[in-house]
file input_24.cif (mmCIF, C-alpha atoms (C1' of nucleotides))
data_structure
loop_
_atom_site.label_atom_id
_atom_site.label_comp_id
_atom_site.auth_asym_id
_atom_site.auth_seq_id
_atom_site.Cartn_x
_atom_site.Cartn_y
_atom_site.Cartn_z
CA MET A 24 36.44 44.21 133.92
CA HIS A 25 35.61 46.61 131.15
CA THR A 26 33.37 49.58 131.81
CA ARG A 27 30.80 48.37 129.35
CA GLU A 28 30.45 45.06 131.16
CA ARG A 29 30.26 46.78 134.54
CA ILE A 30 27.36 48.88 133.27
CA LEU A 31 25.52 45.86 131.89
CA LYS A 32 26.09 43.93 135.10
CA ALA A 33 24.80 46.78 137.24
CA ALA A 34 21.71 47.12 135.06
CA ALA A 35 21.06 43.38 135.14
CA GLU A 36 21.33 43.34 138.94
CA MET A 37 18.89 46.20 139.26
CA ILE A 38 16.37 44.43 137.06
CA ALA A 39 16.86 41.20 138.97
CA GLU A 40 16.13 42.99 142.25
CA ASP A 41 13.16 44.92 140.97
CA ALA A 42 11.62 44.38 137.57
CA THR A 43 9.75 47.66 138.06
CA THR A 44 12.87 49.77 137.89
CA THR A 45 13.24 52.26 135.08
CA LEU A 46 17.03 51.92 134.69
CA SER A 47 17.68 55.66 134.78
CA VAL A 48 21.02 56.93 133.58
CA ARG A 49 22.15 58.17 136.93
CA ALA A 50 21.04 55.12 138.90
CA VAL A 51 22.80 52.66 136.61
CA ALA A 52 25.90 54.80 136.31
CA ALA A 53 26.16 55.18 140.08
CA ARG A 54 25.74 51.47 140.67
CA ALA A 55 28.34 50.65 138.03
CA GLY A 56 30.65 53.28 139.49
CA VAL A 57 31.00 55.24 136.27
CA SER A 58 29.90 58.64 135.10
CA THR A 59 26.74 59.35 133.16
CA GLY A 60 28.89 60.50 130.27
CA SER A 61 30.73 57.22 130.20
CA LEU A 62 27.47 55.33 130.16
CA ARG A 63 26.36 57.45 127.23
CA PHE A 64 29.59 56.75 125.45
CA HIS A 65 28.95 53.01 125.51
CA PHE A 66 25.20 53.24 125.11
CA PRO A 67 24.18 56.20 122.95
CA THR A 68 20.67 56.04 124.34
CA GLN A 69 18.85 54.57 127.31
CA ARG A 70 16.94 52.38 124.95
CA ALA A 71 20.15 50.90 123.60
CA LEU A 72 21.13 49.96 127.14
CA ARG A 73 17.82 48.32 127.88
CA ASP A 74 17.81 46.38 124.63
CA GLU A 75 21.24 44.99 125.32
CA VAL A 76 20.35 44.01 128.86
CA LEU A 77 17.18 42.31 127.71
CA THR A 78 18.75 40.29 124.94
CA ARG A 79 21.20 38.93 127.49
CA ILE A 80 18.49 38.12 129.98
CA TYR A 81 16.36 36.33 127.42
CA GLN A 82 19.32 34.47 126.00
CA HIS A 83 20.17 33.31 129.47
CA PHE A 84 16.70 32.31 130.53
CA ILE A 85 15.35 30.81 127.33
CA PRO A 86 18.29 29.67 125.24
CA ASP A 87 16.28 27.36 122.99
CA ASP A 88 13.07 29.16 122.27
CA PRO A 89 11.18 28.50 119.03
CA ILE A 90 12.01 31.91 117.62
CA ARG A 91 15.62 30.94 116.91
CA ASP A 92 14.83 27.84 114.87
CA SER A 93 15.35 29.44 111.48
CA SER A 94 14.51 26.23 109.62
CA ARG A 95 10.80 26.94 110.17
CA PRO A 96 8.68 29.69 108.63
CA ALA A 97 8.73 32.95 110.57
CA ARG A 98 4.98 33.06 111.04
CA ASP A 99 4.86 29.57 112.55
CA ARG A 100 7.56 30.45 115.00
CA LEU A 101 5.93 33.72 115.98
CA VAL A 102 2.61 31.96 116.53
CA ASP A 103 4.37 29.36 118.69
CA CYS A 104 5.91 32.08 120.82
CA LEU A 105 2.57 33.81 121.24
CA ARG A 106 1.04 30.48 122.16
CA GLN A 107 3.72 30.08 124.80
CA VAL A 108 2.54 33.30 126.43
CA LEU A 109 -1.02 32.12 126.15
CA ALA A 110 -0.18 28.82 127.78
CA ALA A 111 0.56 30.70 130.98
CA ALA A 112 -3.02 31.97 130.94
CA GLY A 113 -4.29 28.44 131.45
CA VAL A 114 -7.55 26.90 130.28
CA GLY A 115 -10.98 26.53 131.86
CA ASP A 116 -11.03 26.93 135.64
CA GLU A 117 -7.36 27.72 135.65
CA ALA A 118 -7.95 30.61 133.27
CA ARG A 119 -10.82 31.86 135.40
CA THR A 120 -8.83 31.92 138.60
CA ALA A 121 -5.89 33.48 136.79
CA TRP A 122 -8.09 36.30 135.56
CA SER A 123 -9.63 36.67 138.98
CA ALA A 124 -6.17 37.42 140.28
CA VAL A 125 -5.60 39.98 137.55
CA TYR A 126 -8.97 41.54 138.27
CA GLN A 127 -8.41 41.78 142.01
CA GLN A 128 -4.91 43.10 141.59
CA PHE A 129 -5.28 45.61 138.79
CA ILE A 130 -8.89 46.39 137.93
CA ALA A 131 -10.87 46.30 141.18
CA PRO A 132 -8.65 48.65 143.24
CA GLU A 133 -8.28 52.34 142.56
CA PRO A 134 -5.36 52.76 140.16
CA SER A 135 -2.98 54.16 142.74
CA ALA A 136 0.65 54.79 141.97
CA LYS A 137 1.53 51.45 143.50
CA VAL A 138 -1.01 49.51 141.46
CA ARG A 139 0.01 51.34 138.36
CA THR A 140 3.73 50.72 138.62
CA ALA A 141 3.09 47.09 139.48
CA TYR A 142 1.07 46.66 136.32
CA ARG A 143 3.55 48.62 134.26
CA ALA A 144 6.26 46.25 135.36
CA TYR A 145 4.19 43.28 134.33
CA GLU A 146 3.26 44.92 131.07
CA ARG A 147 6.80 45.83 130.22
CA VAL A 148 8.07 42.32 130.66
CA SER A 149 5.56 41.11 128.07
CA ALA A 150 6.27 44.00 125.73
CA ASP A 151 10.00 43.43 125.91
CA ARG A 152 9.54 39.77 125.18
CA VAL A 153 7.42 40.39 122.12
CA GLU A 154 9.80 43.07 120.92
CA TYR A 155 12.66 40.66 121.27
CA TRP A 156 10.93 38.16 119.01
CA LEU A 157 10.26 40.77 116.39
CA GLY A 158 13.89 41.82 116.61
CA VAL A 159 15.08 38.29 115.89
CA LEU A 160 12.71 37.96 112.93
CA ALA A 161 13.76 41.35 111.63
CA ASP A 162 17.38 40.22 111.71
CA GLU A 163 16.38 37.47 109.30
CA GLY A 164 14.57 39.98 107.10
CA ALA A 165 11.15 38.54 107.88
CA LEU A 166 9.86 42.03 108.63
CA PRO A 167 11.15 45.59 108.21
CA ARG A 168 13.42 46.95 110.90
CA GLU A 169 11.34 50.10 111.52
CA ASP A 170 9.79 50.88 114.90
CA PHE A 171 8.16 47.86 116.44
CA ALA A 172 6.12 49.80 118.99
CA PRO A 173 2.78 49.67 117.15
CA LYS A 174 3.19 46.01 116.27
CA VAL A 175 4.15 45.11 119.81
CA GLN A 176 1.16 47.00 121.10
CA PHE A 177 -1.04 45.20 118.62
CA LEU A 178 0.19 41.75 119.54
CA LEU A 179 -0.17 42.43 123.25
CA THR A 180 -3.75 43.49 122.63
CA VAL A 181 -4.46 40.25 120.77
CA LEU A 182 -2.89 38.25 123.59
CA ASN A 183 -4.97 40.13 126.14
CA GLY A 184 -8.09 39.47 124.14
CA LEU A 185 -7.36 35.76 123.78
CA SER A 186 -6.48 35.25 127.43
CA VAL A 187 -9.61 37.01 128.62
CA GLN A 188 -11.64 34.90 126.22
CA ARG A 189 -10.22 31.86 127.90
CA ALA A 190 -11.65 33.03 131.19
CA LEU A 191 -15.03 33.87 129.68
CA PRO A 192 -17.53 31.08 128.93
CA SER A 193 -16.06 29.68 125.75
CA GLY A 194 -17.55 28.43 122.53
CA GLU A 195 -16.96 25.03 121.02
CA SER A 196 -13.72 25.10 119.14
CA VAL A 197 -11.51 27.36 121.23
CA LEU A 198 -8.28 25.94 119.97
CA GLN A 199 -9.16 26.35 116.31
CA ALA A 200 -10.46 29.89 116.84
CA GLU A 201 -7.31 30.85 118.70
CA THR A 202 -5.07 29.40 116.04
CA GLU A 203 -6.84 31.27 113.28
CA THR A 204 -6.69 34.51 115.22
CA LEU A 205 -3.02 34.05 116.02
CA TYR A 206 -2.15 33.45 112.38
CA ILE A 207 -4.10 36.48 111.23
CA ALA A 208 -2.25 38.53 113.84
CA ALA A 209 1.14 37.09 112.90
CA ASP A 210 0.56 37.73 109.20
CA ALA A 211 -0.53 41.28 109.95
CA VAL A 212 2.77 41.87 111.69
CA LEU A 213 4.95 40.03 109.20
CA GLY A 214 3.35 41.87 106.32
CA SER A 215 2.39 39.01 104.01
CA GLY A 216 -0.85 37.09 103.71
CA SER A 217 0.46 33.65 102.90
CA PRO A 218 3.59 31.61 103.60
CA MET B 16 -15.18 80.74 130.27
CA HIS B 17 -14.19 78.80 133.32
CA THR B 18 -10.58 77.90 133.87
CA ARG B 19 -11.36 74.21 133.82
CA GLU B 20 -12.90 74.49 130.36
CA ARG B 21 -10.02 76.58 129.09
CA ILE B 22 -7.62 73.87 130.16
CA LEU B 23 -9.66 71.13 128.49
CA LYS B 24 -9.97 73.16 125.33
CA ALA B 25 -6.24 73.80 125.17
CA ALA B 26 -5.50 70.12 125.70
CA ALA B 27 -8.02 69.07 123.05
CA GLU B 28 -6.50 71.48 120.54
CA MET B 29 -3.04 70.13 121.21
CA ILE B 30 -4.19 66.56 120.66
CA ALA B 31 -6.04 67.58 117.51
CA GLU B 32 -2.84 69.11 116.13
CA ASP B 33 -0.67 66.19 117.15
CA ALA B 34 -2.06 62.96 118.58
CA THR B 35 1.48 62.05 119.66
CA THR B 36 1.81 64.90 122.12
CA THR B 37 2.37 64.11 125.77
CA LEU B 38 0.20 66.93 127.19
CA SER B 39 2.79 68.11 129.68
CA VAL B 40 1.65 70.26 132.59
CA ARG B 41 3.51 73.34 131.48
CA ALA B 42 2.59 73.12 127.82
CA VAL B 43 -1.12 72.77 128.50
CA ALA B 44 -1.09 75.40 131.23
CA ALA B 45 0.72 77.88 129.00
CA ARG B 46 -1.64 77.31 126.11
CA ALA B 47 -4.66 77.70 128.37
CA GLY B 48 -3.12 80.80 129.91
CA VAL B 49 -3.18 79.50 133.46
CA SER B 50 -0.57 78.49 135.98
CA THR B 51 0.62 74.96 136.55
CA GLY B 52 -0.77 75.14 140.06
CA SER B 53 -4.19 76.04 138.75
CA LEU B 54 -4.10 73.14 136.36
CA ARG B 55 -3.23 70.86 139.27
CA PHE B 56 -6.10 72.29 141.26
CA HIS B 57 -8.62 71.24 138.63
CA PHE B 58 -6.86 68.05 137.61
CA PRO B 59 -5.07 66.48 140.56
CA THR B 60 -2.90 64.49 138.22
CA GLN B 61 -1.87 64.52 134.58
CA ARG B 62 -3.68 61.26 134.11
CA ALA B 63 -6.94 62.82 135.32
CA LEU B 64 -6.53 65.46 132.63
CA ARG B 65 -5.85 62.95 129.89
CA ASP B 66 -8.81 60.77 130.90
CA GLU B 67 -11.18 63.72 130.79
CA VAL B 68 -9.88 64.86 127.40
CA LEU B 69 -10.21 61.35 125.98
CA THR B 70 -13.81 60.85 127.04
CA ARG B 71 -14.72 64.11 125.35
CA ILE B 72 -12.91 63.22 122.17
CA TYR B 73 -14.67 59.89 121.95
CA GLN B 74 -18.01 61.50 122.65
CA HIS B 75 -17.66 63.98 119.82
CA PHE B 76 -15.75 61.97 117.29
CA ILE B 77 -18.34 59.32 116.52
CA PRO B 78 -20.58 59.96 113.51
CA ASP B 79 -23.53 57.62 112.97
CA ASP B 80 -23.24 54.53 110.82
CA PRO B 81 -19.87 55.30 109.28
CA ILE B 82 -19.80 52.00 107.41
CA ARG B 83 -22.17 53.19 104.65
CA ASP B 84 -20.29 56.36 103.79
CA SER B 85 -18.61 54.98 100.68
CA SER B 86 -16.81 58.23 100.00
CA ARG B 87 -14.28 57.29 102.66
CA PRO B 88 -11.64 54.54 102.56
CA ALA B 89 -12.91 51.17 103.80
CA ARG B 90 -10.28 50.87 106.46
CA ASP B 91 -11.14 54.25 107.98
CA ARG B 92 -14.78 53.32 108.17
CA LEU B 93 -14.09 49.94 109.70
CA VAL B 94 -11.84 51.53 112.30
CA ASP B 95 -14.56 54.05 113.13
CA CYS B 96 -17.07 51.28 113.63
CA LEU B 97 -14.73 49.38 115.89
CA ARG B 98 -14.12 52.58 117.80
CA GLN B 99 -17.85 52.91 118.29
CA VAL B 100 -17.92 49.54 120.01
CA LEU B 101 -14.98 50.61 122.06
CA ALA B 102 -16.66 53.86 123.10
CA ALA B 103 -19.18 51.80 125.03
CA ALA B 104 -16.33 50.40 127.08
CA GLY B 105 -15.70 53.84 128.56
CA VAL B 106 -12.47 55.32 129.86
CA GLY B 107 -10.84 55.36 133.29
CA ASP B 108 -13.20 54.63 136.18
CA GLU B 109 -16.05 53.97 133.80
CA ALA B 110 -14.06 51.27 132.05
CA ARG B 111 -13.14 49.73 135.38
CA THR B 112 -16.71 49.48 136.62
CA ALA B 113 -17.83 48.17 133.24
CA TRP B 114 -15.30 45.37 133.42
CA SER B 115 -16.21 44.68 137.03
CA ALA B 116 -19.70 43.93 135.82
CA VAL B 117 -18.40 41.59 133.13
CA TYR B 118 -16.18 39.87 135.66
CA GLN B 119 -18.94 39.36 138.21
CA GLN B 120 -21.37 38.19 135.60
CA PHE B 121 -19.28 35.88 133.45
CA ILE B 122 -15.89 35.09 134.98
CA ALA B 123 -16.37 34.85 138.73
CA PRO B 124 -19.30 32.38 138.77
CA GLU B 125 -19.05 28.76 137.72
CA PRO B 126 -19.84 28.59 134.00
CA SER B 127 -23.26 27.03 134.42
CA ALA B 128 -25.61 26.56 131.50
CA LYS B 129 -27.37 29.78 132.44
CA VAL B 130 -24.17 31.83 132.58
CA ARG B 131 -22.99 30.29 129.36
CA THR B 132 -26.07 31.06 127.32
CA ALA B 133 -26.20 34.58 128.72
CA TYR B 134 -22.67 35.19 127.52
CA ARG B 135 -23.31 33.52 124.17
CA ALA B 136 -26.19 35.92 123.58
CA TYR B 137 -23.98 38.90 124.35
CA GLU B 138 -21.21 37.52 122.20
CA ARG B 139 -23.46 36.89 119.23
CA VAL B 140 -24.74 40.46 119.17
CA SER B 141 -21.19 41.73 118.80
CA ALA B 142 -20.31 39.07 116.26
CA ASP B 143 -23.36 39.89 114.14
CA ARG B 144 -22.51 43.55 114.18
CA VAL B 145 -18.96 42.98 113.05
CA GLU B 146 -20.09 40.53 110.41
CA TYR B 147 -22.57 43.09 109.11
CA TRP B 148 -19.78 45.61 108.63
CA LEU B 149 -17.63 43.10 106.80
CA GLY B 150 -20.60 42.24 104.60
CA VAL B 151 -21.08 45.86 103.58
CA LEU B 152 -17.41 46.23 102.77
CA ALA B 153 -17.41 42.96 100.84
CA ASP B 154 -20.27 44.26 98.70
CA GLU B 155 -18.00 47.09 97.67
CA GLY B 156 -15.24 44.64 96.91
CA ALA B 157 -13.07 45.86 99.76
CA LEU B 158 -12.52 42.28 100.86
CA PRO B 159 -13.24 38.79 99.49
CA ARG B 160 -16.67 37.32 100.09
CA GLU B 161 -15.42 34.06 101.63
CA ASP B 162 -16.33 33.03 105.15
CA PHE B 163 -15.97 35.86 107.58
CA ALA B 164 -15.92 33.71 110.71
CA PRO B 165 -12.16 33.79 111.34
CA LYS B 166 -12.00 37.52 110.67
CA VAL B 167 -14.95 38.24 112.90
CA GLN B 168 -13.36 36.14 115.63
CA PHE B 169 -10.12 38.01 115.18
CA LEU B 170 -11.72 41.45 115.39
CA LEU B 171 -13.71 40.51 118.47
CA THR B 172 -10.50 39.37 120.11
CA VAL B 173 -8.87 42.69 119.34
CA LEU B 174 -11.87 44.55 120.73
CA ASN B 175 -11.80 42.42 123.86
CA GLY B 176 -8.12 43.14 124.28
CA LEU B 177 -8.56 46.86 123.84
CA SER B 178 -11.50 47.14 126.18
CA VAL B 179 -9.78 45.18 128.93
CA GLN B 180 -6.74 47.38 128.47
CA ARG B 181 -8.96 50.35 129.17
CA ALA B 182 -9.87 48.86 132.52
CA LEU B 183 -6.29 48.01 133.36
CA PRO B 184 -3.92 50.77 134.51
CA SER B 185 -3.05 52.28 131.17
CA GLY B 186 0.05 53.84 129.71
CA GLU B 187 0.40 57.38 128.50
CA SER B 188 -0.83 57.60 124.95
CA VAL B 189 -3.90 55.39 124.96
CA LEU B 190 -5.54 57.11 122.04
CA GLN B 191 -2.55 56.76 119.75
CA ALA B 192 -1.91 53.16 120.76
CA GLU B 193 -5.53 52.20 120.17
CA THR B 194 -5.63 53.90 116.81
CA GLU B 195 -2.50 52.14 115.62
CA THR B 196 -3.76 48.78 116.82
CA LEU B 197 -7.16 49.28 115.21
CA TYR B 198 -5.58 50.13 111.87
CA ILE B 199 -3.29 47.13 111.95
CA ALA B 200 -6.33 44.97 112.69
CA ALA B 201 -8.41 46.58 109.96
CA ASP B 202 -5.66 46.16 107.40
CA ALA B 203 -5.22 42.54 108.40
CA VAL B 204 -8.88 41.93 107.68
CA LEU B 205 -9.08 43.98 104.49
CA GLY B 206 -6.03 42.23 103.18
CA SER B 207 -3.93 45.14 101.95
CA GLY B 208 -1.89 47.83 103.60
CA SER B 209 -3.41 50.72 101.68
CA PRO B 210 -6.94 51.74 100.63
"C1'" DA C 28 -12.71 78.49 146.60
"C1'" DC C 29 -9.59 79.44 143.28
"C1'" DC C 30 -5.11 80.68 141.58
"C1'" DT C 31 -0.05 81.75 141.44
"C1'" DG C 32 4.74 80.51 140.66
"C1'" DA C 33 8.73 78.99 142.89
"C1'" DA C 34 10.84 74.85 144.50
"C1'" DC C 35 11.74 69.93 144.59
"C1'" DA C 36 13.17 65.76 142.80
"C1'" DC C 37 13.45 63.59 139.04
"C1'" DC C 38 14.27 62.53 133.63
"C1'" DG C 39 17.67 61.80 129.06
"C1'" DT C 40 21.07 64.00 126.32
"C1'" DT C 41 24.94 67.07 125.13
"C1'" DC C 42 29.51 68.59 125.37
"C1'" DA C 43 33.90 70.98 126.64
"C1'" DA C 44 37.42 69.22 129.12
"C1'" DG C 45 40.47 65.93 130.86
"C1'" DT C 46 43.63 61.30 130.52
"C1'" DA D 19 39.81 55.99 122.70
"C1'" DC D 20 37.75 56.45 126.84
"C1'" DC D 21 35.93 59.00 130.65
"C1'" DT D 22 34.30 62.97 133.58
"C1'" DG D 23 30.69 65.92 135.43
"C1'" DA D 24 28.47 70.11 134.74
"C1'" DA D 25 24.84 72.06 132.05
"C1'" DC D 26 20.61 72.00 129.42
"C1'" DA D 27 15.96 71.28 128.69
"C1'" DC D 28 12.63 68.83 130.00
"C1'" DC D 29 9.16 66.00 133.46
"C1'" DG D 30 5.11 65.77 137.41
"C1'" DT D 31 3.98 67.18 141.96
"C1'" DT D 32 3.97 70.03 146.15
"C1'" DC D 33 3.05 74.01 148.70
"C1'" DA D 34 3.32 78.61 151.00
"C1'" DA D 35 1.33 82.59 149.57
"C1'" DG D 36 -1.94 85.48 147.56
"C1'" DT D 37 -7.16 86.98 146.14
#
call {"tool": "encode", "arguments": {"input": "input_24.cif", "output": "structure tokens"}}
result
Amino acid sequence: MHTRERILKAAAEMIAEDATTTLSVRAVAARAGVSTGSLRFHFPTQRALRDEVLTRIYQHFIPDDPIRDSSRPARDRLVDCLRQVLAAAGVGDEARTAWSAVYQQFIAPEPSAKVRTAYRAYERVSADRVEYWLGVLADEGALPREDFAPKVQFLLTVLNGLSVQRALPSGESVLQAETETLYIAADAVLGSGSP
Amino acid sequence: MHTRERILKAAAEMIAEDATTTLSVRAVAARAGVSTGSLRFHFPTQRALRDEVLTRIYQHFIPDDPIRDSSRPARDRLVDCLRQVLAAAGVGDEARTAWSAVYQQFIAPEPSAKVRTAYRAYERVSADRVEYWLGVLADEGALPREDFAPKVQFLLTVLNGLSVQRALPSGESVLQAETETLYIAADAVLGSGSP
DNA sequence: ACCTGAACACCGTTCAAGT
DNA sequence: ACCTGAACACCGTTCAAGT
């Protein structure tokens, strides 16, 4: 087995065991049984390592997600993906109990180190997922390749806002309002105003 | 001047010079002319320092009614207004207790007619405010006069997302992340990327 | 009570040196 | 071409010791 694969396997195992883990150079290298220098040779930066690991994980878990269907407009696909995240938030009572859990877990208690790392783990999973989608769309040229960080942050904020609005007493046409908001957000990220 | 103030001043200066900066223990301590231990004495954790600095920045950075100051770019003014809403959400513990109130009032109880109308009233105040800002900017021609409803909805969602993120265990550079998100949102509403 | 600075246990990256 | 591991320049936190 090639060194590169050993490194990726070690990293994947560590993430599987604990999604909180930071995948530090030394930890991954030790687990893979290689030196830090060797790891750096194959992955010029820690970020490069993480990106590679993530693409594999997402490819494995969701092979046929909407983002890959390049026959549809980029913005429609991005909105669908965001909606997929939102679906997990539930509607009505489900949304309320879901947010109760979030509240009890992350907002009510003092933000101790434990609480903080737990939330970070949760947050990072979402961020990575969104970043992955943007990466795919960037490969198609649907948006510039630059740094996605601000756009990821922005989309996560919109998702947070929408999911909390699902838990709050809602207005009449939730679905329509959400759709409009999601398309405004998608267009903001993809740069153009109309398809 | 007390040590504590010297530390806060040094940190504020560093952020003013570069909003990206991480405010490391040693850098702030050196600039303030105190030891790292002393800094730790006054601020038990780096996060405590950052929270304190942020509250001060938000307290001092808000001018009154920025929307009418037509000498400045529309997007800057809109962002300032949104920031003003956000300032009410507080930072750190304040944000947590604020969201606890929202949770207990609107999410935890069954959405009875009473709860629902109470929330609607609260929601409409925010919506009217945002709509007012968009109206002013539309008068200047900064955005089309069409129906603002979807844009108002969108901005309220972003504000909801940001304020809940303040209550959740936050990452390092909250200020920078919020600023970037607010500008993306403002540009999405104003239609163009530049003033 | 306030402050010091060394020490600890971590980071990610670089690089001369080996095979 | 691939790999090693020491070295560098950082982190945040702890803590015995001083005043």
call {"tool": "residues_around", "arguments": {"input": "input_24.cif", "residues": "region 33-41 of chain C", "least_positions_apart": "4", "cutoff": "12 Å", "atoms": "all atoms listed in the file", "output": "ChimeraX atom specification"}}
result
/A:45-50,59-60,62-64,66-70 /B:50-52 /D:23-35
call {"tool": "write_last_selection", "arguments": {"input": "input_24.cif", "atoms": "C-alpha atoms (C1' of nucleotides)", "output": "tab-separated table (two decimals), in the coordinates of the input"}}
result
chain	number	residue	atom	x	y	z
A	45	THR	CA	13.24	52.26	135.08
A	46	LEU	CA	17.03	51.92	134.69
A	47	SER	CA	17.68	55.66	134.78
A	48	VAL	CA	21.02	56.93	133.58
A	49	ARG	CA	22.15	58.17	136.93
A	50	ALA	CA	21.04	55.12	138.90
A	59	THR	CA	26.74	59.35	133.16
A	60	GLY	CA	28.89	60.50	130.27
A	62	LEU	CA	27.47	55.33	130.16
A	63	ARG	CA	26.36	57.45	127.23
A	64	PHE	CA	29.59	56.75	125.45
A	66	PHE	CA	25.20	53.24	125.11
A	67	PRO	CA	24.18	56.20	122.95
A	68	THR	CA	20.67	56.04	124.34
A	69	GLN	CA	18.85	54.57	127.31
A	70	ARG	CA	16.94	52.38	124.95
B	50	SER	CA	-0.57	78.49	135.98
B	51	THR	CA	0.62	74.96	136.55
B	52	GLY	CA	-0.77	75.14	140.06
D	23	DG	C1'	30.69	65.92	135.43
D	24	DA	C1'	28.47	70.11	134.74
D	25	DA	C1'	24.84	72.06	132.05
D	26	DC	C1'	20.61	72.00	129.42
D	27	DA	C1'	15.96	71.28	128.69
D	28	DC	C1'	12.63	68.83	130.00
D	29	DC	C1'	9.16	66.00	133.46
D	30	DG	C1'	5.11	65.77	137.41
D	31	DT	C1'	3.98	67.18	141.96
D	32	DT	C1'	3.97	70.03	146.15
D	33	DC	C1'	3.05	74.01	148.70
D	34	DA	C1'	3.32	78.61	151.00
D	35	DA	C1'	1.33	82.59	149.57
call {"tool": "interface_residues", "arguments": {"input": "input_24.cif", "of": "chain D", "to": "chain A", "cutoff": "10 Å", "atoms": "all atoms listed in the file", "output": "ChimeraX atom specification"}}
result
/D:20-23
call {"tool": "interface_residues", "arguments": {"input": "input_24.cif", "of": "chain A", "to": "chain B", "cutoff": "9 Å", "atoms": "only C-alpha atoms", "output": "PyMOL selection string"}}
result
chain A and resi 116+119-120+122-123+126+129-131+133-135+138-140+142-143+172-174+176-188+190-194+200-201+203-205+207-208+210-212+214+216
call {"tool": "closest_residue", "arguments": {"input": "input_24.cif", "among": "B:Leu101, B:Ile82, B:Cys96, B:Leu190", "to": "Val151 (chain B)", "atoms": "all atoms listed in the file"}}
result
B:Ile82
call {"tool": "atom_distance", "arguments": {"input": "input_24.cif", "atom1": "CA of Arg160 (chain B)", "atom2": "CA of Leu93 (chain B)"}}
result
16.1 Å
call {"tool": "atom_distance", "arguments": {"input": "input_24.cif", "atom1": "CA of Lys137 (chain A)", "atom2": "CA of Ile38 (chain A)"}}
result
17.6 Å
call {"tool": "closest_residue", "arguments": {"input": "input_24.cif", "among": "B:Leu97, B:Ala47, B:Val106, B:Ala27", "to": "Ala63 (chain B)", "atoms": "only C-alpha atoms"}}
result
B:Val106
